[in-house]
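Heads up: the structure comes next, in structure tokens.
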Amino acid sequence: MIFDVLMQETSVKATAERMHKTPSAISHALSRLRLQLNDPILVKVNGAMTPSPYAVEIMPEVRACLSSIERLMGASDPFDPLTSRRKFRVSVFGIPDLITELIDWVAARAPHISLEFLPYTRSVCQDLLDERIDIALVSSELPMQPGLGNMALTPLKRYVLARSGHPTTGNWNRDSWQRWPHLLVDLGDMERSRLEACNASRALSCKVGASVSGYAAVGAILAGSDMIAYQHPTLLLHDIMQHDLQIMEAPVTLPDLNLRFCWNRRLEAAPCNTWIRQGCAQAFANLQKRADDWVARTRFIPLQDRACPGPCDHDEVVRAFAASR
């Protein structure tokens, strides 16, 4: 525990204050850690203390062990959201609206429970199995590892988004789709999910201007540039309204985005895990309803030329993207 807090605070004094111990006690504990691990643990760099390379390397494993110990110690105690001080670790692609929906859901039911939102990484499945993450939102195309449970969500329909006053909104057509650069969102290392909008077919390609990991910056990028995005209002609702983004009829048809929540099946029956899964599902459902209501009352900018290709083959999309790179 002292090691974990030292890594976060990088200061003996701050660690002592946080753990309600004397600086001398923490200093002695640090000396013992250095002796046991044969490593300085904290080193001075440019006048400031920072974790050593070895400390950084072992930090994830130490935290995973601490999380397991916390769960074992609390396993015999009934889970009561009103009194629990548990921290849940959640990964949801940095979707701002989903994060706030889940925070609101938890705050209304569990005043002492905290949430830690972690970025999506390629090791998400292993992180779930190692109990570094409690629940994660992933693409349905991500192969499921044995030992993981999952819950599929309603598929998300795509729309073309651009800033208000974008040069193309006065004459939106197939040529506009090909002319203006597209902003893509990485969903980890799954090319079929994150980049399928790059090329609809050999007859109607698009130009990739930039890609980002997660949804947090998409609205601001679209609002401040001439990029367009073939995206999902459910995942960008607050940004769409805040930046007054325009929604346009798509000249192509690509598969809907399919997502699912995943968790460690070994912990599936634990009341606390059942509770956080319920919260994530409800938060996503609330967000999707708000997005569907917004789409229903929003005026689309129509496509000027109707000679559009029909639904395209999914594998062809991936091949077209690879060729465009």
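Starting from 1 in every chain, residues are counted up; chains themselves are A, B, ... following the order of the structure tokens, and ligands are numbered from 1 as listed.
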
(request) Find the residues near A:Thr22: any atom within 10 Å, counting only C-alpha atoms, skip ones fewer than 6 places away on the same chain, and give them as a list in words. (result) Val12, Lys13, Thr15 and Ala16 of chain A

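Comparing the minimum interatomic distances between A:Gln246 and each of A:Ala281, A:Val212, A:Ile301, A:Trp275, counting only C-alpha atoms, we find that A:Ile301 sits nearest.
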
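Put simply, atom CA of A:Pro302 is 6.2 Å away from atom CA of A:Met248.
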
(request) Would you list the contacts of A:Ile26 as a list in words, taking every protein, DNA or RNA residue within 12 Å and counting only C-alpha atoms, but skipping same-chain residues closer than 4 positions in sequence? (result) Met1, Ile2, Phe3, Val5, Leu6, Thr10, Ser11, Val12, Lys13, Ala14, Thr15, Ala16, Glu17, Arg18, Met19, His20, Lys21, Thr22, Leu30, Ser31, Arg32 and Leu33 of chain A

(message) Using only C-alpha atoms, can you tell me which of A:Leu183, A:Leu118, A:Ile41, A:Ile113 comes closest to A:Leu161?
(response) A:Leu183

(request) Would you kindly return, as a ChimeraX atom specification, each protein, DNA or RNA residue with an atom no farther than 7 Å from any atom of stretch 81-93 of chain A, considering only C-alpha atoms and excluding same-chain residues fewer than 6 positions away? (result) /A:109-120,133-137,214-215

(message) DSSP on the backbone, alpha helix (DSSP H) only: what residues of stretch 52-297 of chain A does that give? Format it as a PyMOL selection string.
(response) chain A and resi 53-74+96-109+124-129+174-179+191-194+218-223+233-242+271-296

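Ranking A:Gln288, A:Leu236, A:Asp244, A:Ala162 by their shortest atom-to-atom distance to A:Gly94, with only C-alpha atoms included, puts A:Leu236 first.
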
Shell around A:Leu259 at 12 Å using only C-alpha atoms, local window under 2 positions removed, as a CSV table (one decimal) with N, CA, C and O atoms, in the first residue's frame:
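The new file part.csv reads:
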```
chain,number,residue,atom,x,y,z
A,92,VAL,N,-14.2,3.2,-21.1
A,92,VAL,CA,-15.3,3.4,-22.0
A,92,VAL,C,-14.9,4.3,-23.2
A,92,VAL,O,-15.7,5.1,-23.7
A,93,PHE,N,-13.7,4.2,-23.7
A,93,PHE,CA,-13.2,4.9,-24.9
A,93,PHE,C,-13.2,6.4,-24.6
A,93,PHE,O,-13.3,7.2,-25.6
A,136,ALA,N,-15.3,-3.0,-19.1
A,136,ALA,CA,-14.8,-2.2,-20.2
A,136,ALA,C,-15.8,-2.2,-21.4
A,136,ALA,O,-16.4,-3.3,-21.6
A,137,LEU,N,-15.8,-1.1,-22.1
A,137,LEU,CA,-16.6,-1.1,-23.3
A,137,LEU,C,-15.7,-1.4,-24.5
A,137,LEU,O,-14.6,-0.8,-24.6
A,138,VAL,N,-16.0,-2.4,-25.3
A,138,VAL,CA,-15.2,-2.8,-26.4
A,138,VAL,C,-16.0,-3.0,-27.7
A,138,VAL,O,-17.2,-3.1,-27.7
A,139,SER,N,-15.3,-3.0,-28.8
A,139,SER,CA,-15.9,-3.3,-30.1
A,139,SER,C,-16.3,-4.8,-30.1
A,139,SER,O,-15.6,-5.6,-29.5
A,140,SER,N,-17.5,-5.1,-30.7
A,140,SER,CA,-18.0,-6.4,-30.7
A,140,SER,C,-17.1,-7.3,-31.6
A,140,SER,O,-17.2,-8.5,-31.6
A,141,GLU,N,-16.2,-6.7,-32.4
A,141,GLU,CA,-15.3,-7.4,-33.3
A,141,GLU,C,-14.0,-7.9,-32.5
A,141,GLU,O,-13.2,-8.6,-33.0
A,142,LEU,N,-13.8,-7.4,-31.3
A,142,LEU,CA,-12.7,-7.8,-30.5
A,142,LEU,C,-12.9,-9.3,-30.1
A,142,LEU,O,-13.9,-9.6,-29.4
A,150,ASN,N,-19.8,-11.0,-21.3
A,150,ASN,CA,-20.1,-9.8,-22.1
A,150,ASN,C,-21.6,-9.5,-22.2
A,150,ASN,O,-22.4,-10.5,-22.1
A,151,MET,N,-21.9,-8.3,-22.6
A,151,MET,CA,-23.3,-7.9,-22.8
A,151,MET,C,-23.3,-7.0,-24.0
A,151,MET,O,-22.7,-5.9,-24.1
A,152,ALA,N,-24.0,-7.5,-25.1
A,152,ALA,CA,-24.1,-6.7,-26.3
A,152,ALA,C,-25.0,-5.6,-26.2
A,152,ALA,O,-26.0,-5.7,-25.5
A,153,LEU,N,-24.7,-4.4,-26.8
A,153,LEU,CA,-25.5,-3.2,-26.8
A,153,LEU,C,-26.2,-3.0,-28.1
A,153,LEU,O,-25.8,-3.6,-29.1
A,154,THR,N,-27.2,-2.2,-28.2
A,154,THR,CA,-27.9,-1.9,-29.4
A,154,THR,C,-27.0,-1.3,-30.4
A,154,THR,O,-26.2,-0.4,-30.1
A,155,PRO,N,-27.0,-1.8,-31.7
A,155,PRO,CA,-26.1,-1.2,-32.7
A,155,PRO,C,-26.3,0.3,-32.9
A,155,PRO,O,-27.4,0.8,-32.8
A,156,LEU,N,-25.3,1.0,-33.2
A,156,LEU,CA,-25.3,2.4,-33.4
A,156,LEU,C,-25.2,2.8,-34.8
A,156,LEU,O,-24.3,2.4,-35.5
A,157,LYS,N,-26.2,3.6,-35.3
A,157,LYS,CA,-26.2,4.1,-36.7
A,157,LYS,C,-25.3,5.2,-36.9
A,157,LYS,O,-25.1,6.1,-36.0
A,187,LEU,N,-10.6,2.6,-32.2
A,187,LEU,CA,-11.2,1.7,-31.2
A,187,LEU,C,-10.2,0.6,-30.9
A,187,LEU,O,-10.3,-0.5,-31.2
A,193,SER,N,-13.1,-2.1,-37.1
A,193,SER,CA,-14.0,-1.3,-36.4
A,193,SER,C,-13.7,0.2,-36.5
A,193,SER,O,-14.5,1.1,-36.7
A,194,ARG,N,-12.4,0.5,-36.3
A,194,ARG,CA,-12.0,1.9,-36.1
A,194,ARG,C,-11.8,2.6,-37.4
A,194,ARG,O,-11.9,3.8,-37.5
A,232,HIS,N,-21.2,8.5,-34.7
A,232,HIS,CA,-22.4,8.1,-33.9
A,232,HIS,C,-22.8,9.1,-32.9
A,232,HIS,O,-22.1,9.3,-31.9
A,234,THR,N,-24.7,9.0,-30.5
A,234,THR,CA,-24.8,8.5,-29.1
A,234,THR,C,-23.4,8.8,-28.4
A,234,THR,O,-23.4,9.0,-27.2
A,235,LEU,N,-22.3,8.7,-29.1
A,235,LEU,CA,-21.0,8.8,-28.5
A,235,LEU,C,-20.5,10.2,-28.5
A,235,LEU,O,-19.4,10.5,-28.0
A,256,ASP,N,-23.4,-0.8,-39.0
A,256,ASP,CA,-23.6,-0.1,-37.7
A,256,ASP,C,-22.4,-0.4,-36.8
A,256,ASP,O,-21.8,-1.5,-36.9
A,257,LEU,N,-22.1,0.4,-35.8
A,257,LEU,CA,-21.1,0.1,-34.8
A,257,LEU,C,-21.7,-0.8,-33.7
A,257,LEU,O,-22.7,-0.4,-33.1
A,261,PHE,N,-20.2,-4.4,-23.4
A,261,PHE,CA,-19.5,-4.3,-22.1
A,261,PHE,C,-18.9,-5.7,-21.8
A,261,PHE,O,-19.6,-6.7,-22.0
A,262,CYS,N,-17.7,-5.7,-21.3
A,262,CYS,CA,-17.1,-7.0,-20.9
A,262,CYS,C,-16.6,-6.9,-19.5
A,262,CYS,O,-16.2,-5.8,-19.0
A,281,ALA,N,-24.9,-0.4,-18.0
A,281,ALA,CA,-26.0,-0.7,-19.0
A,281,ALA,C,-27.0,0.4,-19.0
A,281,ALA,O,-27.5,0.9,-20.0
A,284,PHE,N,-25.6,3.7,-20.5
A,284,PHE,CA,-25.6,3.7,-22.0
A,284,PHE,C,-27.0,3.8,-22.5
A,284,PHE,O,-27.2,4.5,-23.5
```

(message) Here is a test: counting only C-alpha atoms, which residue of A:Phe79, A:Pro51, A:Lys44, A:Arg158 is nearest to A:Asn258?
(response)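 Under the stated criterion, the closest residue is A:Arg158.
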
(message) Just to confirm, what's the straight-line distance from atom CA of A:Asp292 to atom CA of A:Pro233 in Å (one decimal)?
(response) 8.1 Å

(message) For a test of reading the model, state the distance in Å between atom CA of A:His243 and atom CA of A:Ala220, rounded to one decimal.
(response)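 Atom-to-atom, atom CA of A:His243 to atom CA of A:Ala220, that is 7.3 Å.
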
(message) When you look at A:His182 with a cut-off of 12 Å (counting only C-alpha atoms), what residues show up, excluding the ones that are within fewer than 3 positions of it in the same chain? I need them as a PyMOL selection string.
(response) chain A and resi 160-162+176-179+185+195-199+205-212+218+221-222+225-231

(request) Write down as a count of residues only the residues of stretch 73-281 of chain A whose backbone DSSP state falls under strand (DSSP E or B). (result) 57

(message) Using only C-alpha atoms for the distances, tell me which of A:Ile95, A:Cys280, A:Ile58, A:Ser24 is nearest to A:Ala217.
(response)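 Of all the options, A:Ile95 lies closest to A:Ala217.
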
(message) Set the distance at 7 Å and use only C-alpha atoms: which residues neighbour A:Gly149 once local chain neighbours fewer than 4 positions away are removed? I'd like the list as a PyMOL selection string.
(response) chain A and resi 262-265

May I have the selected residues written with all heavy atoms, as a compact mmCIF listing (two decimals), in the first residue's frame?
```txt
# COMPACT_ATOMS: atom_id res chain seq x y z
N CYS A 262 -17.70 -5.74 -21.28
CA CYS A 262 -17.05 -7.00 -20.90
C CYS A 262 -16.56 -6.92 -19.47
O CYS A 262 -16.24 -5.83 -18.97
CB CYS A 262 -15.87 -7.29 -21.84
SG CYS A 262 -16.37 -7.63 -23.53
N TRP A 263 -16.45 -8.08 -18.82
CA TRP A 263 -16.00 -8.15 -17.43
C TRP A 263 -15.39 -9.53 -17.18
O TRP A 263 -15.49 -10.44 -18.02
CB TRP A 263 -17.16 -7.91 -16.48
CG TRP A 263 -18.31 -8.85 -16.69
CD1 TRP A 263 -18.47 -10.10 -16.17
CD2 TRP A 263 -19.44 -8.63 -17.55
NE1 TRP A 263 -19.64 -10.67 -16.63
CE2 TRP A 263 -20.26 -9.79 -17.48
CE3 TRP A 263 -19.85 -7.57 -18.36
CZ2 TRP A 263 -21.44 -9.92 -18.18
CZ3 TRP A 263 -21.04 -7.69 -19.07
CH2 TRP A 263 -21.83 -8.85 -18.98
N ASN A 264 -14.77 -9.67 -16.03
CA ASN A 264 -14.17 -10.93 -15.62
C ASN A 264 -15.28 -11.87 -15.13
O ASN A 264 -15.97 -11.56 -14.16
CB ASN A 264 -13.15 -10.68 -14.50
CG ASN A 264 -12.34 -11.91 -14.16
OD1 ASN A 264 -12.84 -13.03 -14.14
ND2 ASN A 264 -11.07 -11.69 -13.89
N ARG A 265 -15.43 -13.01 -15.81
CA ARG A 265 -16.53 -13.92 -15.46
C ARG A 265 -16.37 -14.52 -14.07
O ARG A 265 -17.36 -14.89 -13.42
CB ARG A 265 -16.61 -15.03 -16.51
CG ARG A 265 -17.79 -15.97 -16.33
CD ARG A 265 -17.96 -16.85 -17.53
NE ARG A 265 -18.50 -16.12 -18.67
CZ ARG A 265 -18.44 -16.54 -19.93
NH1 ARG A 265 -17.84 -17.66 -20.21
NH2 ARG A 265 -18.96 -15.81 -20.89
```
